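Chemist: Structure: model_20.cif, mmCIF, C-alpha atoms.
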data_run
#
loop_
_atom_site.group_PDB
_atom_site.id
_atom_site.type_symbol
_atom_site.label_atom_id
_atom_site.label_comp_id
_atom_site.auth_asym_id
_atom_site.auth_seq_id
_atom_site.Cartn_x
_atom_site.Cartn_y
_atom_site.Cartn_z
ATOM 1 C CA MET X 1 97.091 98.908 120.919
ATOM 2 C CA ALA X 2 96.714 102.602 121.809
ATOM 3 C CA ASN X 3 99.944 103.514 119.996
ATOM 4 C CA VAL X 4 98.873 101.932 116.683
ATOM 5 C CA LYS X 5 97.821 104.620 114.204
ATOM 6 C CA PRO X 6 95.971 104.089 110.906
ATOM 7 C CA LEU X 7 97.851 104.909 107.713
ATOM 8 C CA ILE X 8 95.669 103.591 104.861
ATOM 9 C CA ASP X 9 92.654 101.306 104.514
ATOM 10 C CA ASN X 10 90.190 100.180 101.809
ATOM 11 C CA LEU X 11 92.768 97.841 100.270
ATOM 12 C CA ALA X 12 91.795 94.500 98.740
ATOM 13 C CA PHE X 13 94.576 92.404 100.289
ATOM 14 C CA ALA X 14 97.885 94.103 101.041
ATOM 15 C CA GLU X 15 101.144 92.160 101.240
ATOM 16 C CA GLY X 16 104.929 92.567 101.086
ATOM 17 C CA PRO X 17 105.489 95.948 102.812
ATOM 18 C CA ARG X 18 108.923 97.491 102.166
ATOM 19 C CA TRP X 19 110.325 100.874 103.224
ATOM 20 C CA HIS X 20 112.191 102.527 100.349
ATOM 21 C CA ASN X 21 113.103 106.137 99.479
ATOM 22 C CA GLY X 22 110.932 107.712 102.156
ATOM 23 C CA LYS X 23 107.768 105.709 101.391
ATOM 24 C CA LEU X 24 106.183 102.401 102.267
ATOM 25 C CA TRP X 25 105.832 100.208 99.189
ATOM 26 C CA PHE X 26 103.478 97.235 99.132
ATOM 27 C CA SER X 27 101.540 94.879 96.882
ATOM 28 C CA ASP X 28 97.761 95.006 96.898
ATOM 29 C CA MET X 29 97.721 91.368 95.904
ATOM 30 C CA GLN X 30 93.992 91.099 95.277
ATOM 31 C CA GLY X 31 93.817 94.651 93.909
ATOM 32 C CA LEU X 32 96.377 93.517 91.278
ATOM 33 C CA LYS X 33 98.730 96.453 91.729
ATOM 34 C CA VAL X 34 101.872 97.624 93.497
ATOM 35 C CA MET X 35 101.542 100.878 95.413
ATOM 36 C CA ASN X 36 103.393 103.155 97.790
ATOM 37 C CA VAL X 37 102.194 105.443 100.539
ATOM 38 C CA ASP X 38 103.918 108.286 102.372
ATOM 39 C CA LEU X 39 103.582 108.998 106.071
ATOM 40 C CA SER X 40 100.704 111.414 105.426
ATOM 41 C CA GLY X 41 98.682 108.638 103.760
ATOM 42 C CA HIS X 42 99.094 109.840 100.149
ATOM 43 C CA THR X 43 99.158 106.829 97.820
ATOM 44 C CA GLU X 44 100.541 106.169 94.352
ATOM 45 C CA THR X 45 100.045 103.187 92.042
ATOM 46 C CA VAL X 46 103.447 102.037 90.794
ATOM 47 C CA ALA X 47 102.528 99.085 88.565
ATOM 48 C CA GLU X 48 99.604 96.860 87.651
ATOM 49 C CA VAL X 49 100.276 93.119 87.939
ATOM 50 C CA PRO X 50 97.411 90.877 86.747
ATOM 51 C CA ASN X 51 98.736 87.599 88.202
ATOM 52 C CA TRP X 52 98.798 88.625 91.879
ATOM 53 C CA PRO X 53 101.793 90.739 92.953
ATOM 54 C CA SER X 54 103.515 89.771 96.200
ATOM 55 C CA GLY X 55 107.129 90.130 97.376
ATOM 56 C CA LEU X 56 109.060 93.284 96.468
ATOM 57 C CA GLY X 57 112.729 94.269 96.380
ATOM 58 C CA TRP X 58 115.248 96.426 94.537
ATOM 59 C CA LEU X 59 118.293 95.812 92.400
ATOM 60 C CA PRO X 60 121.431 97.812 93.305
ATOM 61 C CA ASP X 61 120.677 100.188 90.412
ATOM 62 C CA GLY X 62 117.291 101.036 91.940
ATOM 63 C CA ARG X 63 114.976 99.045 89.676
ATOM 64 C CA LEU X 64 112.045 97.407 91.429
ATOM 65 C CA LEU X 65 111.531 93.626 91.392
ATOM 66 C CA ILE X 66 108.017 92.215 91.848
ATOM 67 C CA VAL X 67 106.932 88.632 92.428
ATOM 68 C CA SER X 68 104.082 87.683 90.078
ATOM 69 C CA MET X 69 102.529 84.822 91.977
ATOM 70 C CA THR X 70 100.321 82.633 89.833
ATOM 71 C CA ASP X 71 102.483 82.626 86.687
ATOM 72 C CA ARG X 72 105.627 82.230 88.842
ATOM 73 C CA LYS X 73 107.611 85.067 87.349
ATOM 74 C CA LEU X 74 109.837 87.764 88.753
ATOM 75 C CA LEU X 75 109.090 91.080 87.069
ATOM 76 C CA ARG X 76 111.344 94.139 86.824
ATOM 77 C CA LEU X 77 110.133 97.718 86.570
ATOM 78 C CA ASP X 78 112.311 99.525 84.031
ATOM 79 C CA ALA X 79 111.952 103.131 82.967
ATOM 80 C CA ASP X 80 109.765 102.018 80.046
ATOM 81 C CA GLY X 81 107.558 99.639 82.033
ATOM 82 C CA LEU X 82 107.371 96.123 83.453
ATOM 83 C CA LYS X 83 109.683 93.475 82.002
ATOM 84 C CA MET X 84 110.205 89.816 82.856
ATOM 85 C CA HIS X 85 113.324 89.475 84.993
ATOM 86 C CA ALA X 86 113.071 85.687 85.405
ATOM 87 C CA ASP X 87 110.591 82.928 84.564
ATOM 88 C CA ILE X 88 110.790 80.445 87.452
ATOM 89 C CA PHE X 89 107.693 78.398 86.626
ATOM 90 C CA LYS X 90 109.712 75.176 86.253
ATOM 91 C CA LEU X 91 111.714 75.823 89.421
ATOM 92 C CA ALA X 92 108.900 76.691 91.858
ATOM 93 C CA SER X 93 106.508 73.878 92.817
ATOM 94 C CA PHE X 94 103.445 76.122 93.071
ATOM 95 C CA HIS X 95 102.422 79.793 93.300
ATOM 96 C CA CYS X 96 105.268 82.062 94.405
ATOM 97 C CA ASN X 97 104.751 84.359 97.386
ATOM 98 C CA ASP X 98 107.177 86.466 99.387
ATOM 99 C CA MET X 99 110.761 87.396 98.512
ATOM 100 C CA VAL X 100 113.757 89.191 99.933
ATOM 101 C CA VAL X 101 116.396 90.894 97.774
ATOM 102 C CA ASP X 102 119.815 91.429 99.372
ATOM 103 C CA GLY X 103 122.291 94.252 98.856
ATOM 104 C CA LYS X 104 123.901 92.498 95.894
ATOM 105 C CA GLY X 105 120.585 92.126 94.078
ATOM 106 C CA ASN X 106 120.191 88.423 94.780
ATOM 107 C CA ALA X 107 116.469 87.622 95.076
ATOM 108 C CA TYR X 108 115.320 84.709 97.241
ATOM 109 C CA VAL X 109 111.775 83.707 96.238
ATOM 110 C CA GLY X 110 109.551 81.326 98.182
ATOM 111 C CA ASN X 111 106.462 79.419 97.069
ATOM 112 C CA PHE X 112 103.557 77.492 98.576
ATOM 113 C CA GLY X 113 104.646 74.084 97.300
ATOM 114 C CA TYR X 114 101.028 72.976 96.743
ATOM 115 C CA ASP X 115 97.534 74.428 96.471
ATOM 116 C CA VAL X 116 97.082 75.555 100.065
ATOM 117 C CA LEU X 117 93.786 77.324 99.343
ATOM 118 C CA ALA X 118 92.265 74.102 97.978
ATOM 119 C CA HIS X 119 93.570 72.098 100.968
ATOM 120 C CA ALA X 120 95.580 69.849 98.676
ATOM 121 C CA THR X 121 98.004 67.257 100.022
ATOM 122 C CA PRO X 122 100.953 69.128 101.578
ATOM 123 C CA LYS X 123 104.206 69.030 99.624
ATOM 124 C CA ASP X 124 107.590 70.550 100.337
ATOM 125 C CA ALA X 125 108.729 73.626 98.448
ATOM 126 C CA GLU X 126 111.957 75.361 97.530
ATOM 127 C CA VAL X 127 113.599 78.769 97.682
ATOM 128 C CA VAL X 128 114.603 79.950 94.227
ATOM 129 C CA LEU X 129 117.621 82.208 93.845
ATOM 130 C CA VAL X 130 117.385 84.779 91.041
ATOM 131 C CA LYS X 131 120.647 86.555 90.322
ATOM 132 C CA PRO X 132 120.801 90.238 89.285
ATOM 133 C CA ASP X 133 121.204 89.194 85.629
ATOM 134 C CA GLY X 134 117.945 87.197 85.787
ATOM 135 C CA SER X 135 119.511 83.732 85.858
ATOM 136 C CA ALA X 136 117.749 81.443 88.333
ATOM 137 C CA ARG X 137 118.296 78.179 90.173
ATOM 138 C CA VAL X 138 116.928 76.317 93.178
ATOM 139 C CA ALA X 139 118.883 77.347 96.274
ATOM 140 C CA ALA X 140 117.145 75.281 98.974
ATOM 141 C CA THR X 141 114.652 72.408 99.072
ATOM 142 C CA GLY X 142 112.524 70.560 101.605
ATOM 143 C CA LEU X 143 110.847 73.657 103.052
ATOM 144 C CA GLN X 144 107.235 73.792 104.196
ATOM 145 C CA CYS X 145 105.830 76.858 102.416
ATOM 146 C CA PRO X 146 108.786 79.278 102.590
ATOM 147 C CA ASN X 147 107.265 82.713 103.057
ATOM 148 C CA GLY X 148 108.416 85.916 104.794
ATOM 149 C CA SER X 149 112.212 86.284 104.753
ATOM 150 C CA VAL X 150 114.976 88.605 105.924
ATOM 151 C CA VAL X 151 118.701 89.000 105.263
ATOM 152 C CA THR X 152 120.957 90.151 108.089
ATOM 153 C CA ALA X 153 122.807 93.476 107.887
ATOM 154 C CA ASP X 154 126.146 91.800 107.103
ATOM 155 C CA GLY X 155 124.542 90.037 104.150
ATOM 156 C CA LYS X 156 125.654 86.640 105.435
ATOM 157 C CA THR X 157 122.442 85.033 106.729
ATOM 158 C CA LEU X 158 119.013 84.401 105.209
ATOM 159 C CA ILE X 159 116.165 83.644 107.631
ATOM 160 C CA VAL X 160 112.996 82.186 106.105
ATOM 161 C CA GLY X 161 109.615 81.630 107.723
ATOM 162 C CA GLU X 162 108.198 78.173 106.972
ATOM 163 C CA SER X 163 104.482 78.872 107.247
ATOM 164 C CA MET X 164 103.350 75.253 107.294
ATOM 165 C CA GLY X 165 106.407 74.132 109.255
ATOM 166 C CA HIS X 166 105.732 76.571 112.122
ATOM 167 C CA LYS X 167 109.368 77.640 112.323
ATOM 168 C CA MET X 168 112.013 80.077 111.133
ATOM 169 C CA THR X 169 114.897 78.515 109.215
ATOM 170 C CA ALA X 170 118.318 80.072 108.660
ATOM 171 C CA PHE X 171 120.959 79.612 105.950
ATOM 172 C CA ASP X 172 124.473 80.896 105.431
ATOM 173 C CA ILE X 173 124.680 82.956 102.234
ATOM 174 C CA GLN X 174 127.754 82.025 100.192
ATOM 175 C CA PRO X 175 129.690 84.603 98.110
ATOM 176 C CA ASP X 176 127.896 83.436 94.935
ATOM 177 C CA GLY X 177 124.464 83.694 96.609
ATOM 178 C CA SER X 178 124.127 79.958 97.250
ATOM 179 C CA LEU X 179 122.647 78.797 100.559
ATOM 180 C CA ALA X 180 124.394 76.446 102.998
ATOM 181 C CA ASN X 181 124.193 75.202 106.598
ATOM 182 C CA GLN X 182 120.410 74.970 106.864
ATOM 183 C CA ARG X 183 119.310 75.098 110.502
ATOM 184 C CA VAL X 184 116.320 75.895 112.687
ATOM 185 C CA TRP X 185 116.478 79.513 113.863
ATOM 186 C CA ALA X 186 113.346 79.278 116.024
ATOM 187 C CA GLU X 187 110.608 76.718 116.560
ATOM 188 C CA LEU X 188 107.078 78.105 116.901
ATOM 189 C CA ASP X 189 103.907 76.832 118.480
ATOM 190 C CA GLU X 190 101.830 74.836 115.987
ATOM 191 C CA SER X 191 99.120 77.512 116.168
ATOM 192 C CA VAL X 192 101.559 80.108 114.798
ATOM 193 C CA VAL X 193 101.802 80.319 111.000
ATOM 194 C CA PRO X 194 104.675 82.723 110.230
ATOM 195 C CA ASP X 195 104.017 85.252 107.476
ATOM 196 C CA GLY X 196 105.652 88.598 106.629
ATOM 197 C CA CYS X 197 108.479 89.688 108.923
ATOM 198 C CA ALA X 198 111.119 92.329 109.679
ATOM 199 C CA LEU X 199 114.529 92.179 111.386
ATOM 200 C CA ASP X 200 115.702 94.669 114.025
ATOM 201 C CA ALA X 201 119.125 95.774 115.276
ATOM 202 C CA GLU X 202 119.027 93.435 118.280
ATOM 203 C CA GLY X 203 118.645 90.430 115.983
ATOM 204 C CA ALA X 204 114.960 89.945 116.791
ATOM 205 C CA ILE X 205 112.313 89.402 114.131
ATOM 206 C CA TRP X 206 108.909 91.068 114.164
ATOM 207 C CA LEU X 207 106.652 88.345 112.818
ATOM 208 C CA ALA X 208 103.069 88.429 111.553
ATOM 209 C CA ALA X 209 100.964 85.471 112.696
ATOM 210 C CA PRO X 210 97.648 85.652 110.829
ATOM 211 C CA MET X 211 96.023 82.531 112.261
ATOM 212 C CA THR X 212 96.318 83.784 115.851
ATOM 213 C CA ASN X 213 95.779 87.511 115.081
ATOM 214 C CA GLU X 214 99.177 88.355 116.546
ATOM 215 C CA LEU X 215 102.357 90.271 115.959
ATOM 216 C CA LEU X 216 105.336 88.656 117.698
ATOM 217 C CA ARG X 217 108.862 89.861 118.437
ATOM 218 C CA LEU X 218 110.792 86.623 118.109
ATOM 219 C CA HIS X 219 114.389 85.843 119.049
ATOM 220 C CA GLU X 220 116.738 83.107 117.863
ATOM 221 C CA GLY X 221 115.967 79.991 119.850
ATOM 222 C CA GLY X 222 112.245 80.764 120.075
ATOM 223 C CA LYS X 223 111.908 83.339 122.867
ATOM 224 C CA VAL X 224 109.042 85.801 122.317
ATOM 225 C CA SER X 225 109.783 89.133 124.003
ATOM 226 C CA GLU X 226 106.665 90.978 122.794
ATOM 227 C CA ARG X 227 103.258 89.712 121.727
ATOM 228 C CA MET X 228 100.568 92.035 120.392
ATOM 229 C CA LYS X 229 97.012 90.820 119.848
ATOM 230 C CA PHE X 230 94.961 92.355 117.031
ATOM 231 C CA PRO X 231 91.216 92.087 116.388
ATOM 232 C CA ARG X 232 91.918 90.620 112.935
ATOM 233 C CA PRO X 233 94.554 88.519 111.091
ATOM 234 C CA VAL X 234 97.985 90.159 110.841
ATOM 235 C CA ILE X 235 99.498 89.510 107.409
ATOM 236 C CA ALA X 236 102.898 91.230 107.272
ATOM 237 C CA CYS X 237 105.046 93.974 108.765
ATOM 238 C CA ALA X 238 108.018 96.194 107.931
ATOM 239 C CA LEU X 239 110.367 98.506 109.818
ATOM 240 C CA GLY X 240 110.811 101.910 108.222
ATOM 241 C CA GLY X 241 110.397 105.621 108.725
ATOM 242 C CA GLN X 242 113.217 108.116 108.990
ATOM 243 C CA ASP X 243 115.106 106.125 111.640
ATOM 244 C CA ARG X 244 113.577 102.704 110.845
ATOM 245 C CA ARG X 245 111.770 102.727 114.180
ATOM 246 C CA THR X 246 108.293 102.830 112.643
ATOM 247 C CA LEU X 247 106.712 99.392 112.473
ATOM 248 C CA PHE X 248 104.163 99.182 109.661
ATOM 249 C CA VAL X 249 101.572 96.463 110.175
ATOM 250 C CA ILE X 250 99.294 94.999 107.501
ATOM 251 C CA SER X 251 96.112 93.324 108.677
ATOM 252 C CA SER X 252 92.838 92.217 107.131
ATOM 253 C CA ASP X 253 89.352 91.522 108.448
ATOM 254 C CA SER X 254 89.389 88.282 106.454
ATOM 255 C CA ILE X 255 91.876 85.992 104.722
ATOM 256 C CA ASP X 256 89.283 84.862 102.190
ATOM 257 C CA PHE X 257 90.525 86.419 98.961
ATOM 258 C CA GLU X 258 87.116 86.662 97.280
ATOM 259 C CA GLU X 259 85.629 88.426 100.280
ATOM 260 C CA CYS X 260 88.624 90.755 100.491
ATOM 261 C CA ARG X 261 88.344 91.680 96.816
ATOM 262 C CA ALA X 262 84.635 92.408 97.147
ATOM 263 C CA LYS X 263 84.701 94.294 100.439
ATOM 264 C CA ARG X 264 88.276 95.731 100.502
ATOM 265 C CA LEU X 265 89.039 94.599 104.033
ATOM 266 C CA SER X 266 92.801 95.204 104.256
ATOM 267 C CA ARG X 267 94.594 98.073 105.999
ATOM 268 C CA ILE X 268 98.031 99.353 107.021
ATOM 269 C CA GLU X 269 98.741 100.825 110.450
ATOM 270 C CA ALA X 270 101.911 102.209 112.035
ATOM 271 C CA MET X 271 103.453 102.218 115.481
ATOM 272 C CA GLU X 272 106.755 103.342 116.967
ATOM 273 C CA VAL X 273 109.161 100.768 118.415
ATOM 274 C CA ALA X 274 112.359 101.135 120.435
ATOM 275 C CA VAL X 275 114.781 99.134 118.274
ATOM 276 C CA PRO X 276 115.365 100.166 114.624
ATOM 277 C CA GLY X 277 115.263 97.858 111.639
ATOM 278 C CA VAL X 278 118.372 96.508 109.905
ATOM 279 C CA GLY X 279 119.254 94.384 106.893
ATOM 280 C CA TRP X 280 116.915 93.546 104.055
ATOM 281 C CA PRO X 281 114.110 94.184 103.245
#
Can the structure from this file be put into structure tokens for me?
Modeler:
Amino acid sequence: MANVKPLIDNLAFAEGPRWHNGKLWFSDMQGLKVMNVDLSGHTETVAEVPNWPSGLGWLPDGRLLIVSMTDRKLLRLDADGLKMHADIFKLASFHCNDMVVDGKGNAYVGNFGYDVLAHATPKDAEVVLVKPDGSARVAATGLQCPNGSVVTADGKTLIVGESMGHKMTAFDIQPDGSLANQRVWAELDESVVPDGCALDAEGAIWLAAPMTNELLRLHEGGKVSERMKFPRPVIACALGGQDRRTLFVISSDSIDFEECRAKRLSRIEAMEVAVPGVGWP
């Protein structure tokens, strides 16, 4: 852990880190705002989102997309402020969470499927596809809390972490954005709940595992080539920096949202890795 350096702390509950235009962008989900931070630690508030911001991504024209969790909307930041890009309340079974937006502007949005925080009866969830024009449809079903996701550099494969399924699931992306050929990319130990993730140039995925306080470098088939233990839950990660060899790691002293809001227990740290990031986000 000696090579992990602090970048910013005193956040309520950070999520969805994305490297874009020389800065790390992220949602302070329980702080109800989207922010960015440069490598010197200078922060900027980009937008305020009252219904819990989460996954982030960009349209080809540079406009930011933001998942609004509890009202199940995808927001778009235009020059004159936030607008609704898509209302997916009737398509998503429960609160939305993470998202990846590919190079064409197709947004793949996951959701919990059921009230996880209230320990409700588990139910399967879906990935919702939102096209660049804001039209939306269900792209995949039968997933167990689809969460952190990546798209490969060729734009042909979506890999989704099923948090409650303890696995990474892959799909072929069709020319119209539809998903086909669902398959298991990697099975995980039942103690590992996959959360935010990032893809590198060797095809490995850096994966946050909050329930075991770990950051894993996972390969197709399930091999783990690196495993880093943290003193607290690891929530998400992103590869960025000038050469995409900086791994940004979000962690929190607690995963209790009320405690995090009150005590501001979330932080972002950075470390250098050998293999650069590729694809989206």
Chemist: Out of X:Asp195, X:Glu162, X:Asp61, X:Asp98, which residue has the shortest atom-to-atom distance to Ala208 in chain X when counting all atoms listed in the file?
Modeler: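 Closest to Ala208 in chain X, using all atoms listed in the file: X:Asp195.
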Chemist: Give me the residues near Asp115 in chain X as a list in words, where near means some atom within 12 Å (using only C-alpha atoms) and where sequence neighbours in that chain fewer than 2 positions away do not count.
Modeler: Thr70, Ser93, Phe94, His95, Cys96, Asn111, Phe112, Gly113, Leu117, Ala118, His119, Ala120, Thr121, Pro122, Lys123, Asp124, Ala125 and Cys145 of chain X
Chemist: For the file shown, what are the residues hit by the PyMOL selection byres ((chain X and resi 268) around 10), laid out as a ChimeraX atom specification?
Modeler: /X:5-11,14-15,17,24,26,37,41,234-237,248-252,266-267,269-270
Chemist: Would you work out the distance separating CA of Thr152 in chain X from CA of Gly279 in chain X, expressed in Å to one decimal?
Modeler: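 One can read the CA of Thr152 in chain X to CA of Gly279 in chain X distance as 4.7 Å.
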Chemist: What is the CA of Arg244 in chain X to CA of Val192 in chain X distance in Å?
Modeler: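 Computing the Euclidean distance for CA of Arg244 in chain X and CA of Val192 in chain X yields 25.9 Å.
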Chemist: Output the residue selection produced by the PyMOL selection byres ((chain X and resi 278) around 7) on the file above, formatted as a PyMOL selection string.
Modeler: chain X and resi 153+199-201+276-277+279-280
Chemist: Within 9 Å of (105.9, 85.6, 94.3) (coordinates as in the file), grab all the protein and nucleic acid residues, counting all atoms listed in the file, and write them out as a compact mmCIF listing (two decimals) with C-alpha atoms, keeping the file's coordinate frame.
Modeler:
# COMPACT_ATOMS: atom_id res chain seq x y z
CA TRP X 52 98.80 88.62 91.88
CA PRO X 53 101.79 90.74 92.95
CA SER X 54 103.52 89.77 96.20
CA GLY X 55 107.13 90.13 97.38
CA LEU X 56 109.06 93.28 96.47
CA ILE X 66 108.02 92.22 91.85
CA VAL X 67 106.93 88.63 92.43
CA SER X 68 104.08 87.68 90.08
CA MET X 69 102.53 84.82 91.98
CA THR X 70 100.32 82.63 89.83
CA ASP X 71 102.48 82.63 86.69
CA ARG X 72 105.63 82.23 88.84
CA LYS X 73 107.61 85.07 87.35
CA LEU X 74 109.84 87.76 88.75
CA HIS X 95 102.42 79.79 93.30
CA CYS X 96 105.27 82.06 94.40
CA ASN X 97 104.75 84.36 97.39
CA ASP X 98 107.18 86.47 99.39
CA MET X 99 110.76 87.40 98.51
CA VAL X 109 111.78 83.71 96.24
CA GLY X 110 109.55 81.33 98.18
CA ASN X 111 106.46 79.42 97.07
